[in-house]
Amino acid sequence: QHYFIQSNLSIIACTSECNNPKDHSSHRNRMLHFFIVIATLLTTVMSGSMVSLDLGTEFMKIGIVKPGVPIDIVLNTETKRKTPMAVFMKDGERLFGDAALGQGQKHPKFLYSHLLDLLGKTVDNPVVEEYKKRFPTHTIEADPARKTVVFRHDDAVFYSVEELLAMQVENAIQMAVVHGGNPVDKVIITVPPFFNQRERDAVKSVADIAGVQLMQLMSTTSAISLQYAVFRNIKMTEKQTIVVFATVGSQFTTAAVVSYSLQKDKNTKEKVPTVQVLGVGYDRSLGGYEMDIRLRELLADKFTEKYPKLSDVRSNARAMKKLLKEANKVKTVLSANTDTWAQVESLHQEKDFRAKVTRAELEELFKDLYPRVRAIVEEAIKSADITKMEIELVVPFGGASRVPKIQEQILAATEKKELHKYINSDEAAAMGSAFQAASTSSVYRTKEIKLKDANHYPIFVAFNKVTVSEEGGEVEEKLVNKELYHRNNAFPQKKAMTYTKFSSDFHFNVSYGEMAFLSEQQKSEFGTLPLMKVDVKGVQDVFNQHHDKTSKGIKAHIFMDESGLVSVDSVEAIFETIVPVANETETGWMDSVTNFFSGNTEEEAPKETAENTEKKEEEKKEETKPEEGQNSTKNATETEEKKEEKPVVPEKPVTVKEKLTIDTTHYGIPALSDTTLSKDKLLELKKVDDRKRATEEARNQLETFVINMKDLITTEEYIAAGTPEELEKIQEALSSETDWLEEESWGETLEVFNSRLATIEDYCDPLTNRVKEAEGRPQAIADMKQAFNLTEQFLTKIYNTSEELRYHTAVELEKLTTMLKDAKEWLSSTSTSQSSLDSHVDPVLKVADITKKKQELERELYYLVKKPVPQWYKEKLTKMMEELKKNVTVTAGEKEGEKEKEGAEKEGDTSEKTEGDTTEKNEGDKTEKTEDITEKTEDKTEKTEEGSEEGETPVETPVEENEFVLEDKSSKSEDSGETKESEDSKEAKESDSEESKGDSKSEEEEEEKDEL
């Protein structure tokens, strides 16, 4: 705002002062600079950050794109680049990430984690049943309306899976705001590639509850492949480069076959780099967490063998949580080592646990899992319809892919010798989706890469086809099922279905097709196949309205968007009619204008000659003349028929479209149509968190103040600023506050901490202010004296200028002079009073008062310095400079004439005589010029003395034109003798000036000449 106001003021001033082309050019440049800066500021303010959330089962990574900064990963409060997907709630306290996991080991019932796979599923789904076994401490119930998973937190509070995940998304956005310093505009969320419509709809509901604007959902395989293309700089050609990405995550395992090539864009017809997913294979129950569960059971067996008389360790939920954490650590260590030790202190009934685990035991434990990894990769290759010879690279991804035996299975499935391990597996999906967010925005400029994802499940459209039998006229209905999007169909993509047999209201169904490629376990986890029913209404009315037109059918437009969600955009009835083509008279003035510019005017048409006209008339007569023996009546009849014939008018077909009303009914799990209650629930929790955070900050502020003050009162500055009694009282107050913080402050409210902080600050303020005044006073006085010096220099410069060349008024100068005098007197008297006081007495000369006086003086000085130069002053200076330039030109001409004369004399004389004559001539000239200067100086002295007698301030008289000429001649002298004589003349001039003006100096006169 400050820059905006100052720029406007400068532009207004510049506009009023511009009087020549150069000024106008400078003005335009300033205007252009001003608007560029404003546009930049507006762009920076209006464009916030864009965030990508890689929501995994166990961890979450956050990518961010903000103006002026490349794509980066957001750090959490512990400065880590990935955050556990967990939330803990107990007794009004809500924690996220590592803090939640820490409290979850003590109270596992209130820790909610591994929630991603529960989205979009009913309570009877096998995935939910498996979750209940792994987390027995949770109480899971069915939502009354949707039959989805709901957690009973306590007797009165329930949380849905969408609400718990929305809490974590909301926390992620807050971390992104803190990291980026800008508000978050839009978000991209990654989802597993095998998520179906209901699961993707549930993720959209999560974003809605969290209050973020969702750009799109993006599969993790697409994000990884895009990140690989951008950051590995793959050179794309028309030939496909095939890469296999094998992901072994915490909860599931996927494999994707991706091609990198140059493909022609349909709109621009240019070849652009394209990343296309060709095929996907998956297993949603195979992942690192399954390995941790099995290894945890192994450690529990080892503990039971070591302590057989103790109760079963599996009955202790806290102990099993500790074993699960240790199992994950053991699995990671055995990825690079052949054996390690698992150890947990006070695991169960105060007994420590320590056992050795080898890689051989681990491989035996997971022996049935390894073949499933190979089957997933082979399924992806099969669905992509490629051969293994076409594969260029194989890239492992995910934490569990570091297990050596799993890497062997991936190589065996692709028949490759080595894996391409040059990718950050933890951050690839977050970085790739962040790049996608930047590329879809108009604010950022990115490398052009087109992404085509693959639809994993085939989608069909079914409707009843009505036919009437020719024999009995009976109406028959036949179910027609057509594939709309096949497996691995690239999306986003629009498609249309045309129905030609309907003339009244009808409906069609959209559903998943047969999935023979899925196992029985995967089919049971998938859910129901039907997606939606679409009722088309108003068909009969539209057909009646267009009964005179030919029906071309009813077309339904179906769209699979960037998020992989299918929707029916619109349904319209299409008719066709024949209309005549407009002739010249009907087209009117538009065709006339077209003919004018195309040159087809009537004036330019070829003119017919008289001979041609007569010849055509004779031909017409011969054609109409009846043949011999022909009946004249017949000829007359033919003539009448020709008269009745009309010219043929050209026609063309025109398409007419009428939109129809559609009602969509979704099958399966109902979508969250109203998320208001969930948003209100999260808002109340956020208020509690904000108040808790503010209370902690207030407590920390109070504790910090007490600790710092205890250290300060022992320093020399504070001891000098206070009496012994005052210091002792402050020390006692601080000690009392410390005791209260350590013993009684826990559980206190925000208002109590703020009140106690204000009380102790007021108690210590007199001492603190005296120390601050003593430290800041010397610098403030120095700054004020500097302001005095600048003001005096300005006034001296003004008063040493002729009154004719002053454009500051006498009132303005008098006001500044008075302010300077008053400020000096105030500083002098107050400094004297301050010096008589002791250091422990409150000061009378305060830094704030000094600063205020200085600012008032500087404000008035700045006004006079920046006062616009009036037009008359500019005109006067311009006139003086023109006269000066004219005199300099005349003097230069005289000098050239003298040189020519000297050259003529040199022809008859020797060089020594020439030098002597030249020296005498120069000495004579210089003597005359010195005498002129002396006379003019005497005139100035007389005027100055007259002004002094009248009581006026002595000022310097404007420089005469001849003085400028003389100065120019002396400066252009080339001989050393001339230079020496010029210096002598200058000394004589300074001597005369000192005698006539007393304290005035010739150097000041020379400076005045230079400035003029």
# chains A, B, ... in the order shown; residues from 1 in each chain; ligands from 1
>>> closest_atom_pairs(of="stretch 754-822 of chain A", to="stretch 841-847 of chain A", cutoff="10 Å", atoms="only C-alpha atoms", output="tab-separated table")
residue	atom	partner	partner_atom	distance
A:Pro766	CA	A:Asp842	CA	7.8
A:Leu767	CA	A:Asp842	CA	8.8
A:Asn769	CA	A:Asp842	CA	8.4
A:Arg770	CA	A:Asp842	CA	6.3
A:Val771	CA	A:Asp842	CA	9.9
A:Lys772	CA	A:Val847	CA	9.0
A:Glu773	CA	A:Val847	CA	6.3
A:Ala774	CA	A:Pro843	CA	8.5
A:Glu775	CA	A:Val847	CA	9.6
A:Gly776	CA	A:Val847	CA	6.6
A:Arg777	CA	A:Val847	CA	5.6
A:Pro778	CA	A:Val847	CA	9.0
A:Gln779	CA	A:Val847	CA	9.0
A:Ala780	CA	A:Val847	CA	6.2
A:Ile781	CA	A:Val847	CA	8.3
>>> residues_around(residues="A:Ser335", least_positions_apart="5", cutoff="8 Å", atoms="only C-alpha atoms", output="list in words")
Arg359, Arg402, Val403 and Pro404 of chain A
>>> residues_around(residues="stretch 853-858 of chain A", least_positions_apart="6", cutoff="12 Å", atoms="only C-alpha atoms", output="PyMOL selection string")
chain A and resi 780-792+794+815-827+845-847+864-866
>>> residues_around(residues="A:Met236", least_positions_apart="3", cutoff="10 Å", atoms="only C-alpha atoms", output="PDB file with N, CA and C atoms, in the first residue's frame")
ATOM      1  N   ALA A 229       9.580 -39.237 -15.733  1.00  0.00           N
ATOM      2  CA  ALA A 229       9.787 -38.561 -17.016  1.00  0.00           C
ATOM      3  C   ALA A 229      10.365 -37.173 -16.827  1.00  0.00           C
ATOM      4  N   ASN A 233      14.640 -36.936 -17.068  1.00  0.00           N
ATOM      5  CA  ASN A 233      14.881 -36.381 -18.409  1.00  0.00           C
ATOM      6  C   ASN A 233      14.963 -37.462 -19.485  1.00  0.00           C
ATOM      7  N   LYS A 239       9.331 -43.859 -31.196  1.00  0.00           N
ATOM      8  CA  LYS A 239       9.382 -45.243 -30.735  1.00  0.00           C
ATOM      9  C   LYS A 239       9.137 -45.286 -29.225  1.00  0.00           C
ATOM     10  N   GLN A 240       8.305 -46.205 -28.785  1.00  0.00           N
ATOM     11  CA  GLN A 240       7.953 -46.301 -27.378  1.00  0.00           C
ATOM     12  C   GLN A 240       9.122 -46.816 -26.544  1.00  0.00           C
ATOM     13  N   THR A 241       9.288 -46.209 -25.370  1.00  0.00           N
ATOM     14  CA  THR A 241      10.203 -46.717 -24.348  1.00  0.00           C
ATOM     15  C   THR A 241       9.352 -47.285 -23.222  1.00  0.00           C
ATOM     16  N   SER A 259       4.521 -46.422 -21.066  1.00  0.00           N
ATOM     17  CA  SER A 259       5.273 -46.106 -22.287  1.00  0.00           C
ATOM     18  C   SER A 259       5.573 -44.614 -22.328  1.00  0.00           C
ATOM     19  N   TYR A 260       6.765 -44.287 -22.852  1.00  0.00           N
ATOM     20  CA  TYR A 260       7.203 -42.897 -23.055  1.00  0.00           C
ATOM     21  C   TYR A 260       7.474 -42.719 -24.546  1.00  0.00           C
ATOM     22  N   SER A 261       6.755 -41.772 -25.178  1.00  0.00           N
ATOM     23  CA  SER A 261       6.912 -41.592 -26.619  1.00  0.00           C
ATOM     24  C   SER A 261       6.367 -40.232 -27.025  1.00  0.00           C
ATOM     25  N   LEU A 262       6.613 -39.885 -28.292  1.00  0.00           N
ATOM     26  CA  LEU A 262       6.040 -38.682 -28.894  1.00  0.00           C
ATOM     27  C   LEU A 262       4.762 -39.085 -29.630  1.00  0.00           C
ATOM     28  N   GLN A 263       3.651 -38.460 -29.264  1.00  0.00           N
ATOM     29  CA  GLN A 263       2.368 -38.754 -29.882  1.00  0.00           C
ATOM     30  C   GLN A 263       1.741 -37.465 -30.390  1.00  0.00           C
ATOM     31  N   VAL A 272       3.819 -34.328 -29.164  1.00  0.00           N
ATOM     32  CA  VAL A 272       4.178 -33.899 -27.815  1.00  0.00           C
ATOM     33  C   VAL A 272       4.637 -35.102 -27.008  1.00  0.00           C
ATOM     34  N   PRO A 273       5.536 -34.902 -26.037  1.00  0.00           N
ATOM     35  CA  PRO A 273       5.935 -36.009 -25.160  1.00  0.00           C
ATOM     36  C   PRO A 273       4.725 -36.523 -24.380  1.00  0.00           C
ATOM     37  N   THR A 274       4.548 -37.827 -24.396  1.00  0.00           N
ATOM     38  CA  THR A 274       3.359 -38.423 -23.792  1.00  0.00           C
ATOM     39  C   THR A 274       3.768 -39.576 -22.887  1.00  0.00           C
ATOM     40  N   VAL A 275       3.198 -39.595 -21.699  1.00  0.00           N
ATOM     41  CA  VAL A 275       3.364 -40.694 -20.743  1.00  0.00           C
ATOM     42  C   VAL A 275       2.029 -41.410 -20.671  1.00  0.00           C
TER      43      VAL A 275
END
>>> residues_around(residues="A:Gln701", least_positions_apart="4", cutoff="10 Å", atoms="only C-alpha atoms", output="MDAnalysis selection string")
chainID A and resid 695:697 705:706 753:754 757
>>> write_last_selection(atoms="C-alpha atoms", output="PDB file, in the first residue's frame")
ATOM      1  CA  THR A 695      -2.486 -21.839  25.810  1.00  0.00           C
ATOM      2  CA  GLU A 696       0.814 -23.627  25.255  1.00  0.00           C
ATOM      3  CA  GLU A 697       2.252 -20.561  23.556  1.00  0.00           C
ATOM      4  CA  PHE A 705      10.147 -14.059  30.204  1.00  0.00           C
ATOM      5  CA  VAL A 706      10.867 -15.280  33.740  1.00  0.00           C
ATOM      6  CA  PHE A 753      -1.259 -17.350  31.672  1.00  0.00           C
ATOM      7  CA  ASN A 754      -1.883 -14.070  29.845  1.00  0.00           C
ATOM      8  CA  LEU A 757       2.478 -12.501  32.131  1.00  0.00           C
TER       9      LEU A 757
END
>>> select_by_dssp(residues="stretch 144-216 of chain A", states="alpha helix (DSSP H)", output="PDB file with N, CA, C and O atoms, in the first residue's frame")
ATOM      1  N   VAL A 161     -14.889 -42.978   8.542  1.00  0.00           N
ATOM      2  CA  VAL A 161     -13.542 -43.050   7.952  1.00  0.00           C
ATOM      3  C   VAL A 161     -13.219 -41.748   7.212  1.00  0.00           C
ATOM      4  O   VAL A 161     -12.095 -41.245   7.289  1.00  0.00           O
ATOM      5  N   GLU A 162     -14.215 -41.187   6.520  1.00  0.00           N
ATOM      6  CA  GLU A 162     -13.990 -39.927   5.794  1.00  0.00           C
ATOM      7  C   GLU A 162     -13.614 -38.794   6.749  1.00  0.00           C
ATOM      8  O   GLU A 162     -12.737 -37.974   6.440  1.00  0.00           O
ATOM      9  N   GLU A 163     -14.236 -38.734   7.901  1.00  0.00           N
ATOM     10  CA  GLU A 163     -13.933 -37.667   8.867  1.00  0.00           C
ATOM     11  C   GLU A 163     -12.529 -37.816   9.432  1.00  0.00           C
ATOM     12  O   GLU A 163     -11.803 -36.825   9.588  1.00  0.00           O
ATOM     13  N   LEU A 164     -12.130 -39.042   9.760  1.00  0.00           N
ATOM     14  CA  LEU A 164     -10.789 -39.256  10.312  1.00  0.00           C
ATOM     15  C   LEU A 164      -9.705 -38.923   9.283  1.00  0.00           C
ATOM     16  O   LEU A 164      -8.669 -38.337   9.633  1.00  0.00           O
ATOM     17  N   LEU A 165      -9.934 -39.286   8.027  1.00  0.00           N
ATOM     18  CA  LEU A 165      -8.960 -38.938   6.995  1.00  0.00           C
ATOM     19  C   LEU A 165      -8.982 -37.442   6.698  1.00  0.00           C
ATOM     20  O   LEU A 165      -7.940 -36.841   6.399  1.00  0.00           O
ATOM     21  N   ALA A 166     -10.162 -36.813   6.777  1.00  0.00           N
ATOM     22  CA  ALA A 166     -10.244 -35.367   6.551  1.00  0.00           C
ATOM     23  C   ALA A 166      -9.452 -34.603   7.606  1.00  0.00           C
ATOM     24  O   ALA A 166      -8.867 -33.551   7.314  1.00  0.00           O
ATOM     25  N   MET A 167      -9.428 -35.101   8.840  1.00  0.00           N
ATOM     26  CA  MET A 167      -8.604 -34.465   9.875  1.00  0.00           C
ATOM     27  C   MET A 167      -7.136 -34.450   9.474  1.00  0.00           C
ATOM     28  O   MET A 167      -6.441 -33.431   9.636  1.00  0.00           O
ATOM     29  N   GLN A 168      -6.660 -35.551   8.925  1.00  0.00           N
ATOM     30  CA  GLN A 168      -5.253 -35.632   8.536  1.00  0.00           C
ATOM     31  C   GLN A 168      -4.955 -34.770   7.302  1.00  0.00           C
ATOM     32  O   GLN A 168      -3.884 -34.179   7.190  1.00  0.00           O
ATOM     33  N   VAL A 169      -5.915 -34.703   6.372  1.00  0.00           N
ATOM     34  CA  VAL A 169      -5.738 -33.824   5.217  1.00  0.00           C
ATOM     35  C   VAL A 169      -5.696 -32.364   5.665  1.00  0.00           C
ATOM     36  O   VAL A 169      -4.892 -31.564   5.179  1.00  0.00           O
ATOM     37  N   GLU A 170      -6.567 -31.997   6.589  1.00  0.00           N
ATOM     38  CA  GLU A 170      -6.589 -30.636   7.120  1.00  0.00           C
ATOM     39  C   GLU A 170      -5.264 -30.297   7.792  1.00  0.00           C
ATOM     40  O   GLU A 170      -4.725 -29.184   7.627  1.00  0.00           O
ATOM     41  N   ASN A 171      -4.721 -31.225   8.539  1.00  0.00           N
ATOM     42  CA  ASN A 171      -3.423 -31.012   9.181  1.00  0.00           C
ATOM     43  C   ASN A 171      -2.314 -30.876   8.150  1.00  0.00           C
ATOM     44  O   ASN A 171      -1.395 -30.058   8.308  1.00  0.00           O
ATOM     45  N   ALA A 172      -2.394 -31.656   7.083  1.00  0.00           N
ATOM     46  CA  ALA A 172      -1.391 -31.558   6.012  1.00  0.00           C
ATOM     47  C   ALA A 172      -1.430 -30.187   5.342  1.00  0.00           C
ATOM     48  O   ALA A 172      -0.384 -29.604   5.023  1.00  0.00           O
ATOM     49  N   ILE A 173      -2.619 -29.653   5.124  1.00  0.00           N
ATOM     50  CA  ILE A 173      -2.744 -28.332   4.512  1.00  0.00           C
ATOM     51  C   ILE A 173      -2.147 -27.264   5.432  1.00  0.00           C
ATOM     52  O   ILE A 173      -1.487 -26.322   4.966  1.00  0.00           O
ATOM     53  N   GLN A 174      -2.362 -27.386   6.726  1.00  0.00           N
ATOM     54  CA  GLN A 174      -1.779 -26.426   7.670  1.00  0.00           C
ATOM     55  C   GLN A 174      -0.249 -26.470   7.625  1.00  0.00           C
ATOM     56  O   GLN A 174       0.416 -25.428   7.664  1.00  0.00           O
ATOM     57  N   MET A 175       0.313 -27.662   7.519  1.00  0.00           N
ATOM     58  CA  MET A 175       1.772 -27.772   7.404  1.00  0.00           C
ATOM     59  C   MET A 175       2.265 -27.139   6.109  1.00  0.00           C
ATOM     60  O   MET A 175       3.317 -26.495   6.075  1.00  0.00           O
ATOM     61  N   ALA A 176       1.499 -27.310   5.022  1.00  0.00           N
ATOM     62  CA  ALA A 176       1.886 -26.709   3.746  1.00  0.00           C
ATOM     63  C   ALA A 176       1.838 -25.183   3.808  1.00  0.00           C
ATOM     64  O   ALA A 176       2.689 -24.500   3.232  1.00  0.00           O
ATOM     65  N   VAL A 177       0.849 -24.637   4.508  1.00  0.00           N
ATOM     66  CA  VAL A 177       0.754 -23.184   4.653  1.00  0.00           C
ATOM     67  C   VAL A 177       1.948 -22.646   5.439  1.00  0.00           C
ATOM     68  O   VAL A 177       2.540 -21.621   5.083  1.00  0.00           O
ATOM     69  N   VAL A 178       2.318 -23.329   6.512  1.00  0.00           N
ATOM     70  CA  VAL A 178       3.464 -22.895   7.316  1.00  0.00           C
ATOM     71  C   VAL A 178       4.753 -23.010   6.507  1.00  0.00           C
ATOM     72  O   VAL A 178       5.611 -22.120   6.543  1.00  0.00           O
ATOM     73  N   HIS A 179       4.889 -24.085   5.767  1.00  0.00           N
ATOM     74  CA  HIS A 179       6.111 -24.304   4.981  1.00  0.00           C
ATOM     75  C   HIS A 179       6.220 -23.319   3.829  1.00  0.00           C
ATOM     76  O   HIS A 179       7.290 -22.760   3.571  1.00  0.00           O
ATOM     77  N   GLY A 180       5.120 -23.099   3.113  1.00  0.00           N
ATOM     78  CA  GLY A 180       5.164 -22.250   1.925  1.00  0.00           C
ATOM     79  C   GLY A 180       4.959 -20.785   2.187  1.00  0.00           C
ATOM     80  O   GLY A 180       5.378 -19.947   1.380  1.00  0.00           O
ATOM     81  N   GLN A 197     -15.023 -46.640  -8.491  1.00  0.00           N
ATOM     82  CA  GLN A 197     -15.783 -45.392  -8.436  1.00  0.00           C
ATOM     83  C   GLN A 197     -16.181 -45.018  -7.007  1.00  0.00           C
ATOM     84  O   GLN A 197     -16.076 -43.850  -6.621  1.00  0.00           O
ATOM     85  N   ARG A 198     -16.619 -45.969  -6.221  1.00  0.00           N
ATOM     86  CA  ARG A 198     -17.087 -45.663  -4.866  1.00  0.00           C
ATOM     87  C   ARG A 198     -15.922 -45.224  -3.974  1.00  0.00           C
ATOM     88  O   ARG A 198     -16.079 -44.318  -3.151  1.00  0.00           O
ATOM     89  N   GLU A 199     -14.791 -45.866  -4.137  1.00  0.00           N
ATOM     90  CA  GLU A 199     -13.631 -45.474  -3.341  1.00  0.00           C
ATOM     91  C   GLU A 199     -13.123 -44.086  -3.733  1.00  0.00           C
ATOM     92  O   GLU A 199     -12.740 -43.281  -2.872  1.00  0.00           O
ATOM     93  N   ARG A 200     -13.146 -43.775  -5.020  1.00  0.00           N
ATOM     94  CA  ARG A 200     -12.729 -42.440  -5.466  1.00  0.00           C
ATOM     95  C   ARG A 200     -13.727 -41.370  -5.024  1.00  0.00           C
ATOM     96  O   ARG A 200     -13.329 -40.258  -4.656  1.00  0.00           O
ATOM     97  N   ASP A 201     -15.005 -41.696  -5.050  1.00  0.00           N
ATOM     98  CA  ASP A 201     -16.013 -40.758  -4.538  1.00  0.00           C
ATOM     99  C   ASP A 201     -15.789 -40.474  -3.059  1.00  0.00           C
ATOM    100  O   ASP A 201     -15.988 -39.346  -2.584  1.00  0.00           O
ATOM    101  N   ALA A 202     -15.393 -41.497  -2.307  1.00  0.00           N
ATOM    102  CA  ALA A 202     -15.133 -41.311  -0.880  1.00  0.00           C
ATOM    103  C   ALA A 202     -13.947 -40.380  -0.652  1.00  0.00           C
ATOM    104  O   ALA A 202     -13.960 -39.551   0.274  1.00  0.00           O
ATOM    105  N   VAL A 203     -12.903 -40.467  -1.493  1.00  0.00           N
ATOM    106  CA  VAL A 203     -11.758 -39.560  -1.368  1.00  0.00           C
ATOM    107  C   VAL A 203     -12.179 -38.116  -1.670  1.00  0.00           C
ATOM    108  O   VAL A 203     -11.729 -37.166  -1.018  1.00  0.00           O
ATOM    109  N   LYS A 204     -13.067 -37.934  -2.656  1.00  0.00           N
ATOM    110  CA  LYS A 204     -13.594 -36.600  -2.930  1.00  0.00           C
ATOM    111  C   LYS A 204     -14.348 -36.052  -1.720  1.00  0.00           C
ATOM    112  O   LYS A 204     -14.257 -34.852  -1.401  1.00  0.00           O
ATOM    113  N   SER A 205     -15.086 -36.905  -1.040  1.00  0.00           N
ATOM    114  CA  SER A 205     -15.786 -36.469   0.169  1.00  0.00           C
ATOM    115  C   SER A 205     -14.807 -36.075   1.266  1.00  0.00           C
ATOM    116  O   SER A 205     -15.056 -35.126   2.024  1.00  0.00           O
ATOM    117  N   VAL A 206     -13.699 -36.775   1.353  1.00  0.00           N
ATOM    118  CA  VAL A 206     -12.662 -36.418   2.332  1.00  0.00           C
ATOM    119  C   VAL A 206     -12.152 -34.998   2.080  1.00  0.00           C
ATOM    120  O   VAL A 206     -12.015 -34.184   3.004  1.00  0.00           O
ATOM    121  N   ALA A 207     -11.869 -34.683   0.813  1.00  0.00           N
ATOM    122  CA  ALA A 207     -11.398 -33.340   0.480  1.00  0.00           C
ATOM    123  C   ALA A 207     -12.457 -32.292   0.774  1.00  0.00           C
ATOM    124  O   ALA A 207     -12.137 -31.186   1.251  1.00  0.00           O
ATOM    125  N   ASP A 208     -13.717 -32.621   0.524  1.00  0.00           N
ATOM    126  CA  ASP A 208     -14.800 -31.671   0.786  1.00  0.00           C
ATOM    127  C   ASP A 208     -14.934 -31.386   2.272  1.00  0.00           C
ATOM    128  O   ASP A 208     -15.080 -30.234   2.697  1.00  0.00           O
ATOM    129  N   ILE A 209     -14.870 -32.419   3.092  1.00  0.00           N
ATOM    130  CA  ILE A 209     -14.972 -32.224   4.541  1.00  0.00           C
ATOM    131  C   ILE A 209     -13.787 -31.420   5.065  1.00  0.00           C
ATOM    132  O   ILE A 209     -13.936 -30.572   5.957  1.00  0.00           O
ATOM    133  N   ALA A 210     -12.605 -31.663   4.501  1.00  0.00           N
ATOM    134  CA  ALA A 210     -11.402 -30.934   4.945  1.00  0.00           C
ATOM    135  C   ALA A 210     -11.393 -29.492   4.472  1.00  0.00           C
ATOM    136  O   ALA A 210     -10.571 -28.699   4.932  1.00  0.00           O
TER     137      ALA A 210
END
>>> residues_around(residues="A:Pro396", least_positions_apart="6", cutoff="9 Å", atoms="only C-alpha atoms", output="short mmCIF file (atom, residue, chain, number, x, y, z; two decimals) with C-alpha atoms, in the first residue's frame")
data_model
loop_
_atom_site.label_atom_id
_atom_site.label_comp_id
_atom_site.auth_asym_id
_atom_site.auth_seq_id
_atom_site.Cartn_x
_atom_site.Cartn_y
_atom_site.Cartn_z
CA VAL A 244 7.78 -51.32 -15.57
CA PHE A 245 7.19 -49.78 -12.12
CA ALA A 246 6.82 -52.39 -9.36
CA THR A 247 5.41 -50.89 -6.14
CA VAL A 248 5.41 -52.86 -2.91
CA ARG A 402 14.01 -53.31 -0.60
CA GLN A 407 13.59 -57.95 -5.92
CA ILE A 410 10.44 -58.79 -9.88
CA LEU A 419 16.73 -53.19 -11.39
CA HIS A 420 16.85 -49.48 -12.06
CA LYS A 421 17.17 -48.14 -8.49
CA ILE A 423 14.44 -43.05 -7.91
CA SER A 425 10.69 -44.19 -3.79
#
>>> select_by_dssp(residues="stretch 19-174 of chain A", states="strand (DSSP E)", output="PyMOL selection string")
chain A and resi 49-55+59-66+69-73+83-84+86-90+93-96+111-113+140-142+149-152+158-160
>>> atom_distance(atom1="atom CA of A:Thr577", atom2="atom CA of A:Phe559")
28.8 Å
>>> closest_residue(among="A:Leu118, A:Ile391, A:Leu95, A:Ala848", to="A:Phe526", atoms="only C-alpha atoms")
A:Leu118
>>> closest_residue(among="A:Leu727, A:Leu310, A:Ala100, A:Leu529", to="A:Asn196", atoms="only C-alpha atoms")
A:Leu529
>>> residues_around(residues="A:Val461", least_positions_apart="5", cutoff="12 Å", atoms="only C-alpha atoms", output="PyMOL selection string")
chain A and resi 479-486+495-499+507-513+529-534+556-558+566+568
>>> atom_distance(atom1="atom CA of A:His153", atom2="atom CA of A:Arg94")
12.8 Å
>>> atom_distance(atom1="atom CA of A:Phe543", atom2="atom CA of A:Phe575")
9.0 Å
